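Structure data follow from protein-v9.txt (compact mmCIF, C-alpha atoms and all ligand atoms):
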# COMPACT_ATOMS: atom_id res chain seq x y z
CA MET V 1 -4.94 4.01 32.55
CA ARG V 2 -3.53 3.72 29.07
CA LEU V 3 -4.61 0.10 28.79
CA ALA V 4 -8.14 1.00 29.90
CA THR V 5 -8.34 3.74 27.28
CA MET V 6 -7.09 1.41 24.57
CA THR V 7 -9.63 -1.24 25.56
CA ALA V 8 -12.42 1.32 25.47
CA VAL V 9 -11.37 2.46 22.01
CA ALA V 10 -11.13 -1.12 20.77
CA CYS V 11 -14.60 -1.91 22.10
CA GLY V 12 -15.97 1.20 20.44
CA LEU V 13 -14.48 0.13 17.11
CA LEU V 14 -15.93 -3.35 17.41
CA LEU V 15 -19.37 -1.99 18.17
CA THR V 16 -19.23 0.39 15.22
CA ALA V 17 -18.15 -2.38 12.89
CA GLY V 18 -20.93 -4.63 14.19
CA THR V 19 -23.68 -2.08 13.61
CA ALA V 20 -22.39 -0.93 10.24
CA GLU V 21 -22.35 -4.40 8.67
CA ALA V 22 -25.06 -6.19 10.70
CA GLN V 23 -23.67 -9.50 9.49
CA ARG V 24 -24.58 -12.79 10.99
CA GLU V 25 -22.69 -16.05 10.68
CA LEU V 26 -24.77 -19.07 11.57
CA ILE V 27 -23.57 -22.43 12.84
CA LEU V 28 -24.54 -25.40 10.67
CA GLY V 29 -23.74 -28.90 11.90
CA HIS V 30 -23.80 -32.34 10.29
CA SER V 31 -22.22 -35.71 10.93
CA LEU V 32 -20.33 -36.39 7.68
CA SER V 33 -17.15 -35.14 6.02
CA ASP V 34 -17.11 -31.73 4.35
CA THR V 35 -16.76 -33.37 0.92
CA SER V 36 -19.79 -35.64 1.48
CA HIS V 37 -23.28 -35.09 0.07
CA TYR V 38 -24.13 -33.19 3.28
CA GLY V 39 -20.98 -31.07 2.85
CA ILE V 40 -22.03 -30.23 -0.70
CA GLY V 41 -25.48 -29.35 0.64
CA ALA V 42 -23.98 -27.12 3.33
CA LYS V 43 -21.98 -25.20 0.74
CA ALA V 44 -25.01 -24.76 -1.53
CA PHE V 45 -26.94 -23.47 1.49
CA ASN V 46 -24.25 -20.92 2.25
CA GLU V 47 -23.86 -19.74 -1.34
CA THR V 48 -27.58 -19.25 -1.88
CA LEU V 49 -28.12 -17.56 1.47
CA GLU V 50 -25.16 -15.24 1.03
CA GLU V 51 -26.33 -14.24 -2.42
CA LEU V 52 -29.98 -13.69 -1.52
CA SER V 53 -29.15 -11.73 1.63
CA ASP V 54 -26.41 -9.73 -0.06
CA GLY V 55 -23.86 -11.03 2.42
CA GLN V 56 -25.96 -10.27 5.48
CA PHE V 57 -26.17 -13.95 6.43
CA THR V 58 -23.55 -16.66 5.99
CA VAL V 59 -23.24 -20.19 7.27
CA ARG V 60 -20.21 -21.78 8.90
CA GLU V 61 -20.15 -25.53 8.40
CA HIS V 62 -19.21 -27.77 11.34
CA PRO V 63 -18.86 -31.19 9.67
CA ALA V 64 -17.96 -34.69 10.83
CA GLY V 65 -19.87 -34.66 14.10
CA SER V 66 -17.67 -31.90 15.52
CA LEU V 67 -20.78 -30.61 17.34
CA GLY V 68 -21.71 -34.12 18.51
CA GLY V 69 -24.03 -36.82 17.18
CA GLU V 70 -27.29 -36.04 15.42
CA ARG V 71 -29.29 -36.29 18.65
CA ASP V 72 -26.94 -33.80 20.34
CA MET V 73 -27.23 -31.40 17.40
CA ILE V 74 -31.04 -31.55 17.43
CA GLU V 75 -30.98 -30.74 21.14
CA GLY V 76 -28.63 -27.87 20.28
CA LEU V 77 -31.27 -26.48 17.91
CA GLN V 78 -33.90 -26.58 20.63
CA ILE V 79 -31.81 -24.51 23.02
CA GLY V 80 -30.19 -22.33 20.38
CA THR V 81 -26.53 -23.38 20.66
CA VAL V 82 -26.73 -24.63 17.06
CA ASP V 83 -28.57 -22.68 14.32
CA LEU V 84 -28.93 -25.18 11.47
CA VAL V 85 -28.54 -28.94 11.13
CA ILE V 86 -28.62 -31.43 8.29
CA THR V 87 -29.57 -34.74 9.88
CA SER V 88 -30.88 -38.16 8.98
CA THR V 89 -34.20 -39.12 10.56
CA GLY V 90 -32.24 -41.53 12.80
CA PRO V 91 -32.81 -39.84 16.16
CA LEU V 92 -35.55 -37.49 14.93
CA GLY V 93 -38.47 -39.75 15.84
CA ASN V 94 -37.51 -39.36 19.49
CA PHE V 95 -38.34 -35.67 19.11
CA VAL V 96 -41.03 -35.74 16.39
CA PRO V 97 -42.72 -39.19 16.46
CA GLU V 98 -44.64 -38.39 13.25
CA THR V 99 -41.37 -38.85 11.30
CA TYR V 100 -41.06 -42.54 12.31
CA VAL V 101 -43.26 -43.46 9.36
CA LEU V 102 -40.42 -42.51 7.01
CA ASP V 103 -38.12 -45.04 8.70
CA LEU V 104 -40.26 -48.07 7.83
CA PRO V 105 -38.28 -50.58 5.75
CA PHE V 106 -39.26 -51.16 2.12
CA LEU V 107 -41.79 -48.31 2.16
CA PHE V 108 -40.34 -46.28 -0.72
CA GLU V 109 -39.86 -47.94 -4.10
CA ASP V 110 -37.02 -45.89 -5.52
CA TYR V 111 -35.46 -42.43 -5.38
CA ASP V 112 -38.09 -40.74 -7.55
CA HIS V 113 -40.88 -42.19 -5.43
CA ALA V 114 -39.34 -41.05 -2.14
CA ARG V 115 -38.47 -37.59 -3.43
CA ALA V 116 -41.94 -37.05 -4.92
CA ILE V 117 -43.59 -37.92 -1.59
CA LEU V 118 -41.27 -35.73 0.44
CA ASP V 119 -41.86 -32.84 -1.97
CA SER V 120 -45.65 -33.28 -1.77
CA GLU V 121 -47.96 -31.98 0.93
CA ILE V 122 -47.14 -35.12 2.94
CA GLY V 123 -43.55 -33.94 3.27
CA GLN V 124 -44.66 -30.40 4.05
CA GLU V 125 -46.99 -31.60 6.81
CA LEU V 126 -44.15 -33.54 8.39
CA LEU V 127 -41.89 -30.49 8.22
CA ASP V 128 -44.62 -28.39 9.85
CA LYS V 129 -44.92 -30.98 12.64
CA MET V 130 -41.37 -30.17 13.74
CA GLY V 131 -42.77 -26.93 15.13
CA ASP V 132 -44.48 -28.86 17.96
CA SER V 133 -41.03 -29.88 19.21
CA GLU V 134 -39.15 -26.57 19.17
CA LEU V 135 -37.67 -27.26 15.74
CA ILE V 136 -38.14 -25.52 12.40
CA GLY V 137 -38.34 -27.91 9.43
CA LEU V 138 -36.94 -26.15 6.35
CA ALA V 139 -36.65 -28.88 3.70
CA TRP V 140 -36.30 -32.58 3.04
CA SER V 141 -32.81 -33.30 1.82
CA GLU V 142 -31.40 -36.77 1.38
CA ASN V 143 -29.11 -39.39 2.82
CA GLY V 144 -30.05 -42.30 0.51
CA PHE V 145 -31.19 -45.92 0.41
CA ARG V 146 -29.41 -47.82 3.15
CA HIS V 147 -27.39 -50.96 2.49
CA LEU V 148 -25.79 -53.44 4.83
CA THR V 149 -22.07 -53.89 5.43
CA ASN V 150 -20.40 -56.37 7.76
CA SER V 151 -17.10 -58.00 8.61
CA ARG V 152 -18.27 -61.63 8.76
CA ASN V 153 -19.98 -62.96 5.64
CA SER V 154 -21.73 -62.14 2.38
CA VAL V 155 -25.38 -61.32 2.97
CA ARG V 156 -27.91 -62.59 0.43
CA GLU V 157 -30.75 -63.85 2.62
CA PRO V 158 -32.16 -63.01 6.03
CA GLN V 159 -30.40 -65.97 7.64
CA HIS V 160 -27.05 -64.36 6.81
CA VAL V 161 -28.02 -61.47 9.09
CA ASP V 162 -28.95 -63.81 11.93
CA GLY V 163 -26.63 -63.32 14.90
CA LEU V 164 -24.89 -60.24 13.55
CA LYS V 165 -24.24 -57.54 16.08
CA ILE V 166 -25.27 -54.49 14.15
CA ARG V 167 -25.00 -50.83 14.91
CA THR V 168 -28.32 -49.14 14.19
CA MET V 169 -29.28 -45.54 14.45
CA GLU V 170 -30.99 -44.51 17.67
CA ASN V 171 -34.35 -45.31 16.13
CA GLN V 172 -36.99 -47.68 17.42
CA VAL V 173 -38.27 -48.72 13.96
CA HIS V 174 -34.78 -49.63 12.73
CA MET V 175 -33.97 -51.54 15.91
CA ASP V 176 -37.23 -53.49 15.64
CA ALA V 177 -36.50 -54.39 12.01
CA PHE V 178 -33.06 -55.82 12.73
CA ARG V 179 -34.39 -57.72 15.72
CA GLU V 180 -36.97 -59.36 13.42
CA LEU V 181 -34.09 -60.44 11.17
CA GLY V 182 -32.38 -62.13 14.10
CA ALA V 183 -29.60 -59.56 14.46
CA SER V 184 -28.65 -57.96 17.70
CA PRO V 185 -29.07 -54.18 17.33
CA ALA V 186 -26.73 -51.80 19.14
CA PRO V 187 -28.03 -48.22 18.81
CA MET V 188 -25.17 -45.77 18.63
CA ALA V 189 -24.46 -42.20 17.54
CA PHE V 190 -22.70 -41.97 14.19
CA PRO V 191 -19.43 -40.41 15.43
CA GLU V 192 -18.78 -43.53 17.52
CA LEU V 193 -19.38 -45.96 14.68
CA PHE V 194 -16.03 -46.18 12.90
CA THR V 195 -14.16 -47.03 16.11
CA ALA V 196 -16.83 -49.54 17.13
CA LEU V 197 -16.37 -51.36 13.81
CA GLN V 198 -12.60 -51.13 14.05
CA GLN V 199 -12.53 -52.56 17.56
CA GLY V 200 -15.08 -55.25 16.73
CA THR V 201 -17.63 -53.99 19.25
CA VAL V 202 -20.12 -54.49 16.41
CA ASP V 203 -19.85 -56.65 13.26
CA ALA V 204 -22.12 -54.70 10.98
CA GLN V 205 -23.68 -51.36 10.12
CA GLU V 206 -25.99 -50.05 7.45
CA ASN V 207 -25.82 -46.77 5.58
CA PRO V 208 -26.22 -45.35 2.08
CA ILE V 209 -23.38 -45.66 -0.45
CA THR V 210 -22.72 -41.94 0.04
CA VAL V 211 -21.97 -42.43 3.74
CA ILE V 212 -19.97 -45.65 3.23
CA VAL V 213 -17.79 -43.75 0.76
CA ALA V 214 -17.50 -40.54 2.81
CA THR V 215 -16.53 -42.45 5.97
CA LYS V 216 -14.19 -44.97 4.31
CA PHE V 217 -15.97 -47.92 5.89
CA TRP V 218 -14.07 -50.22 3.52
CA GLU V 219 -11.18 -49.90 5.95
CA VAL V 220 -13.18 -51.79 8.59
CA GLN V 221 -15.85 -53.76 6.66
CA ASP V 222 -15.26 -56.39 3.96
CA HIS V 223 -18.79 -57.16 2.74
CA LEU V 224 -21.42 -54.88 1.26
CA SER V 225 -24.90 -56.11 0.29
CA LEU V 226 -27.16 -53.85 -1.71
CA THR V 227 -30.21 -54.49 0.45
CA GLY V 228 -31.68 -50.99 0.00
CA HIS V 229 -33.80 -51.96 3.01
CA VAL V 230 -34.83 -48.47 3.94
CA TYR V 231 -34.79 -45.01 2.42
CA SER V 232 -33.03 -42.51 4.63
CA PRO V 233 -34.17 -38.92 4.19
CA ALA V 234 -32.27 -36.01 5.67
CA ALA V 235 -34.01 -33.07 7.25
CA ILE V 236 -32.68 -29.52 7.13
CA LEU V 237 -33.68 -28.04 10.46
CA ALA V 238 -33.32 -24.60 12.02
CA SER V 239 -33.38 -23.43 15.61
CA PRO V 240 -36.53 -21.54 16.65
CA VAL V 241 -34.26 -19.32 18.76
CA PHE V 242 -32.74 -17.49 15.77
CA TRP V 243 -35.73 -18.15 13.48
CA SER V 244 -38.06 -16.10 15.69
CA GLU V 245 -35.82 -13.06 15.20
CA LEU V 246 -36.08 -13.14 11.41
CA SER V 247 -38.37 -11.03 9.24
CA GLU V 248 -40.64 -12.77 6.72
CA GLU V 249 -38.30 -11.79 3.91
CA GLU V 250 -35.31 -13.25 5.73
CA LYS V 251 -37.19 -16.49 6.41
CA GLY V 252 -37.82 -16.73 2.68
CA TRP V 253 -34.06 -16.55 2.01
CA PHE V 254 -33.42 -19.44 4.38
CA GLN V 255 -36.18 -21.49 2.80
CA GLU V 256 -34.70 -20.93 -0.64
CA ALA V 257 -31.22 -21.77 0.63
CA ALA V 258 -32.55 -25.02 2.13
CA ALA V 259 -34.23 -25.94 -1.16
CA ALA V 260 -30.96 -25.31 -3.05
CA SER V 261 -29.08 -27.36 -0.46
CA ALA V 262 -31.49 -30.31 -0.77
CA LYS V 263 -31.19 -30.24 -4.54
CA ALA V 264 -27.38 -30.21 -4.49
CA THR V 265 -27.34 -33.07 -2.00
CA ARG V 266 -29.82 -35.19 -3.97
CA ASP V 267 -27.78 -34.68 -7.14
CA GLU V 268 -24.68 -35.94 -5.35
CA VAL V 269 -26.54 -38.95 -3.91
CA SER V 270 -27.69 -39.88 -7.43
CA ARG V 271 -24.17 -39.54 -8.80
CA LEU V 272 -22.57 -41.65 -6.07
CA GLU V 273 -25.24 -44.34 -6.17
CA SER V 274 -23.58 -45.75 -9.29
CA GLU V 275 -20.02 -44.40 -9.17
CA GLY V 276 -19.63 -45.10 -5.45
CA ILE V 277 -20.14 -48.84 -5.83
CA GLU V 278 -17.23 -49.06 -8.27
CA LEU V 279 -15.09 -47.07 -5.88
CA LEU V 280 -15.94 -49.44 -3.01
CA ARG V 281 -15.06 -52.46 -5.16
CA ASP V 282 -11.75 -50.84 -6.06
CA GLU V 283 -11.10 -50.36 -2.36
CA GLY V 284 -11.52 -54.11 -1.88
CA MET V 285 -15.09 -54.55 -0.69
CA GLU V 286 -17.01 -57.58 -1.86
CA VAL V 287 -20.30 -56.23 -3.21
CA VAL V 288 -23.40 -58.44 -3.42
CA THR V 289 -25.73 -56.83 -5.92
CA ASP V 290 -28.31 -59.59 -6.42
CA VAL V 291 -30.01 -59.56 -3.02
CA ASP V 292 -33.52 -61.01 -3.16
CA VAL V 293 -35.36 -58.56 -0.92
CA ALA V 294 -38.71 -60.40 -0.80
CA PRO V 295 -37.79 -62.69 2.15
CA PHE V 296 -36.41 -59.69 4.06
CA GLN V 297 -39.60 -57.81 3.41
CA GLN V 298 -41.69 -60.70 4.62
CA GLN V 299 -39.68 -61.18 7.78
CA ILE V 300 -39.93 -57.56 8.90
CA GLN V 301 -43.77 -57.42 8.53
CA PRO V 302 -44.31 -57.34 12.34
CA VAL V 303 -42.49 -53.98 12.36
CA TYR V 304 -45.38 -52.50 10.39
CA GLU V 305 -47.90 -53.93 12.85
CA ALA V 306 -46.00 -52.56 15.84
CA PHE V 307 -45.70 -49.20 14.11
CA GLU V 308 -49.43 -48.98 13.46
CA GLU V 309 -50.22 -49.87 17.04
CA ARG V 310 -47.99 -47.12 18.34
CA HIS V 311 -48.52 -44.38 15.78
CA GLY V 312 -51.71 -45.19 13.88
CA SER V 313 -52.00 -45.88 10.18
CA GLU V 314 -53.25 -42.62 8.66
CA MET V 315 -49.95 -41.22 7.37
CA LEU V 316 -48.71 -44.67 6.37
CA GLU V 317 -51.80 -45.26 4.26
CA ARG V 318 -51.45 -41.87 2.60
CA ILE V 319 -47.87 -42.69 1.65
CA GLN V 320 -48.86 -46.14 0.38
CA ALA V 321 -51.69 -44.64 -1.69
CA PHE V 322 -49.51 -41.88 -3.17
CA GLU V 323 -49.69 -41.73 -6.97
CA ARG V 324 -46.69 -40.30 -8.73
O1 LIG Q 1 -26.88 -38.80 8.57
O2 LIG Q 1 -26.24 -42.20 11.73
C1 LIG Q 1 -26.29 -42.56 10.55
O3 LIG Q 1 -26.06 -43.73 10.22
C2 LIG Q 1 -26.63 -41.56 9.48
O4 LIG Q 1 -26.95 -42.21 8.30
C3 LIG Q 1 -25.45 -40.63 9.27
O5 LIG Q 1 -25.16 -39.98 10.48
C4 LIG Q 1 -25.76 -39.56 8.21

Could you take the file, read its structure, and then write that structure out as structure tokens?
Ligand code: EAX
Amino acid sequence: MRLATMTAVACGLLLTAGTAEAQRELILGHSLSDTSHYGIGAKAFNETLEELSDGQFTVREHPAGSLGGERDMIEGLQIGTVDLVITSTGPLGNFVPETYVLDLPFLFEDYDHARAILDSEIGQELLDKMGDSELIGLAWSENGFRHLTNSRNSVREPQHVDGLKIRTMENQVHMDAFRELGASPAPMAFPELFTALQQGTVDAQENPITVIVATKFWEVQDHLSLTGHVYSPAAILASPVFWSELSEEEKGWFQEAAAASAKATRDEVSRLESEGIELLRDEGMEVVTDVDVAPFQQQIQPVYEAFEERHGSEMLERIQAFER
């Protein structure tokens, strides 16, 4: 009797508290450490959202793949078990094929070029496309230009990649590219990668400096080559399940928070692009800076042809014709 009464009172209190504050804490997942460029972006998201909503909405960060790999998290958005995700485009093309164009090697010239395109109507159209796949595209954030690391030899030319067993993201365009270079691609979710390198299941991987630093890949990889073979954007995505409950004003807060998050992340990518290389050298990695990319570019040409056959050339041509 007494216990029942106490429980009833406790429930009543909880309900009152819930209605009075009407606060909502959202789940945000990403695959890197909380001090990484994604972690910095997650914090900027939370700060901006909390401020704009006067504390009505906050974000709880679940870093380091604690909610699973990027594919799992995107599926979580679709069913509403995850509210927000910062993810590379790695597995995204499996959900939104229009984003595959961004994964083409040697498409973007440098950071300014990539950012300008993603901030133009091209980027906005791609974000809008996410809606066809039960995803809400909030902003283009950034992962960075990807470089190759491996445990076998210095890589300067395509033939040094020949025969390497390389972990790629779960992305058809990336797998095709490494196949053209004579490597043997093993698609794998990011949370499994460190152990796979440590155990020698794969010899190589490729990721931006930011990720190599945040994940301490120097512990399991000796050679880094600054191939910059592909620009890796990050998308900030929301679940349509919670999005559909928001008012227009509230949606605006989330959009502003995503823009602030993308900016904070890009700033950190820029900073680490130079400072990170020094850090990796200090940690004992051999860094090849003078990679001649032309032969790589030439060898992966069939990837462009295969892409155009599968996905058409309209968006690709618009990106190639973009004037900054
Ligand atoms: O988004 O899977 C990858 O290699 C990504 O670059 C990483 O998860 C950060």

Go through V:Asn207, V:Ser154, V:Ser247, V:Gln299 one by one, measure the shortest atom-to-atom distance of each to ligand LIG 1 (chain Q) using only C-alpha atoms and all ligand atoms, and give the residue with the smallest value.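 Of the candidates, the smallest distance to ligand LIG 1 (chain Q) is held by V:Asn207.
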
Between atom CA of V:Gly90 and atom C1 of ligand LIG 1 (chain Q), what is the spacing in Å? 6.4 Å

When you draw a straight line from atom CA of V:Phe106 to atom CA of V:Asn150, how long is it in Å?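 Computing it gives 20.4 Å between the two atoms.
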
Could you give me, as number ranges by chain, every polymer residue with an atom at most 9 Å away from an atom of ligand LIG 1 (chain Q), counting only C-alpha atoms and all ligand atoms? V: 30-32, 38, 64-65, 69-70, 86-91, 142-144, 146, 167-170, 188-191, 193, 205-208, 211, 232-234

Quick one: of V:Ala257, V:Val96, V:Leu237, V:Leu135, who's nearest to V:Glu51, counting all atoms listed in the file?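 Checking each of V:Ala257, V:Val96, V:Leu237, V:Leu135 against V:Glu51, counting all atoms listed in the file, the winner is V:Ala257.
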
Can you work out the spacing between atom CA of V:Ser313 and atom CA of V:Ala235 in Å, to one decimal?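 A separation of 22.3 Å between them.
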
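With only C-alpha atoms taken into account, the protein and nucleic acid residues at most 12 Å from V:Lys251 (excluding it and anything under 3 positions from it in its own chain) are Leu49, Leu52, Ser53, Phe57, Ile136, Gly137, Leu138, Ala238, Pro240, Phe242, Trp243, Ser244, Glu245, Leu246, Ser247, Glu248, Phe254, Gln255, Glu256, Ala257 and Ala258 of chain V.
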
Would you fill out stretch 251-270 of chain V with N, CA, C and O atoms and return it as a compact mmCIF listing (two decimals), in the coordinates of the input?
# COMPACT_ATOMS: atom_id res chain seq x y z
N LYS V 251 -36.79 -15.07 6.35
CA LYS V 251 -37.19 -16.49 6.41
C LYS V 251 -37.24 -17.08 5.01
O LYS V 251 -36.84 -18.22 4.79
N GLY V 252 -37.74 -16.29 4.08
CA GLY V 252 -37.82 -16.73 2.68
C GLY V 252 -36.44 -17.07 2.13
O GLY V 252 -36.27 -18.05 1.41
N TRP V 253 -35.43 -16.27 2.48
CA TRP V 253 -34.06 -16.55 2.01
C TRP V 253 -33.58 -17.91 2.53
O TRP V 253 -32.97 -18.69 1.80
N PHE V 254 -33.86 -18.17 3.80
CA PHE V 254 -33.42 -19.44 4.38
C PHE V 254 -34.15 -20.61 3.73
O PHE V 254 -33.57 -21.67 3.52
N GLN V 255 -35.44 -20.40 3.44
CA GLN V 255 -36.18 -21.49 2.80
C GLN V 255 -35.62 -21.78 1.41
O GLN V 255 -35.48 -22.94 1.03
N GLU V 256 -35.28 -20.73 0.69
CA GLU V 256 -34.70 -20.93 -0.64
C GLU V 256 -33.33 -21.59 -0.54
O GLU V 256 -32.97 -22.45 -1.35
N ALA V 257 -32.56 -21.17 0.44
CA ALA V 257 -31.22 -21.77 0.63
C ALA V 257 -31.35 -23.25 0.96
O ALA V 257 -30.58 -24.08 0.46
N ALA V 258 -32.35 -23.60 1.77
CA ALA V 258 -32.55 -25.02 2.13
C ALA V 258 -32.97 -25.82 0.91
O ALA V 258 -32.50 -26.95 0.71
N ALA V 259 -33.81 -25.23 0.06
CA ALA V 259 -34.23 -25.94 -1.16
C ALA V 259 -33.02 -26.18 -2.07
O ALA V 259 -32.86 -27.26 -2.64
N ALA V 260 -32.16 -25.17 -2.21
CA ALA V 260 -30.96 -25.31 -3.05
C ALA V 260 -30.03 -26.37 -2.46
O ALA V 260 -29.41 -27.16 -3.18
N SER V 261 -29.94 -26.39 -1.15
CA SER V 261 -29.08 -27.36 -0.46
C SER V 261 -29.59 -28.78 -0.71
O SER V 261 -28.82 -29.69 -1.06
N ALA V 262 -30.90 -28.97 -0.57
CA ALA V 262 -31.49 -30.31 -0.77
C ALA V 262 -31.25 -30.77 -2.20
O ALA V 262 -30.91 -31.93 -2.45
N LYS V 263 -31.38 -29.85 -3.14
CA LYS V 263 -31.19 -30.24 -4.54
C LYS V 263 -29.74 -30.67 -4.79
O LYS V 263 -29.48 -31.70 -5.42
N ALA V 264 -28.80 -29.89 -4.29
CA ALA V 264 -27.38 -30.21 -4.49
C ALA V 264 -27.05 -31.56 -3.86
O ALA V 264 -26.31 -32.37 -4.43
N THR V 265 -27.60 -31.81 -2.68
CA THR V 265 -27.34 -33.07 -2.00
C THR V 265 -27.94 -34.25 -2.77
O THR V 265 -27.29 -35.28 -2.97
N ARG V 266 -29.19 -34.10 -3.21
CA ARG V 266 -29.82 -35.19 -3.97
C ARG V 266 -29.04 -35.49 -5.25
O ARG V 266 -28.89 -36.66 -5.62
N ASP V 267 -28.56 -34.45 -5.92
CA ASP V 267 -27.78 -34.68 -7.14
C ASP V 267 -26.53 -35.51 -6.84
O ASP V 267 -26.16 -36.40 -7.60
N GLU V 268 -25.90 -35.21 -5.71
CA GLU V 268 -24.68 -35.94 -5.35
C GLU V 268 -25.00 -37.38 -4.95
O GLU V 268 -24.26 -38.31 -5.28
N VAL V 269 -26.13 -37.58 -4.27
CA VAL V 269 -26.54 -38.95 -3.91
C VAL V 269 -26.74 -39.76 -5.20
O VAL V 269 -26.26 -40.89 -5.32
N SER V 270 -27.43 -39.17 -6.17
CA SER V 270 -27.69 -39.88 -7.43
C SER V 270 -26.37 -40.24 -8.11
O SER V 270 -26.20 -41.34 -8.62
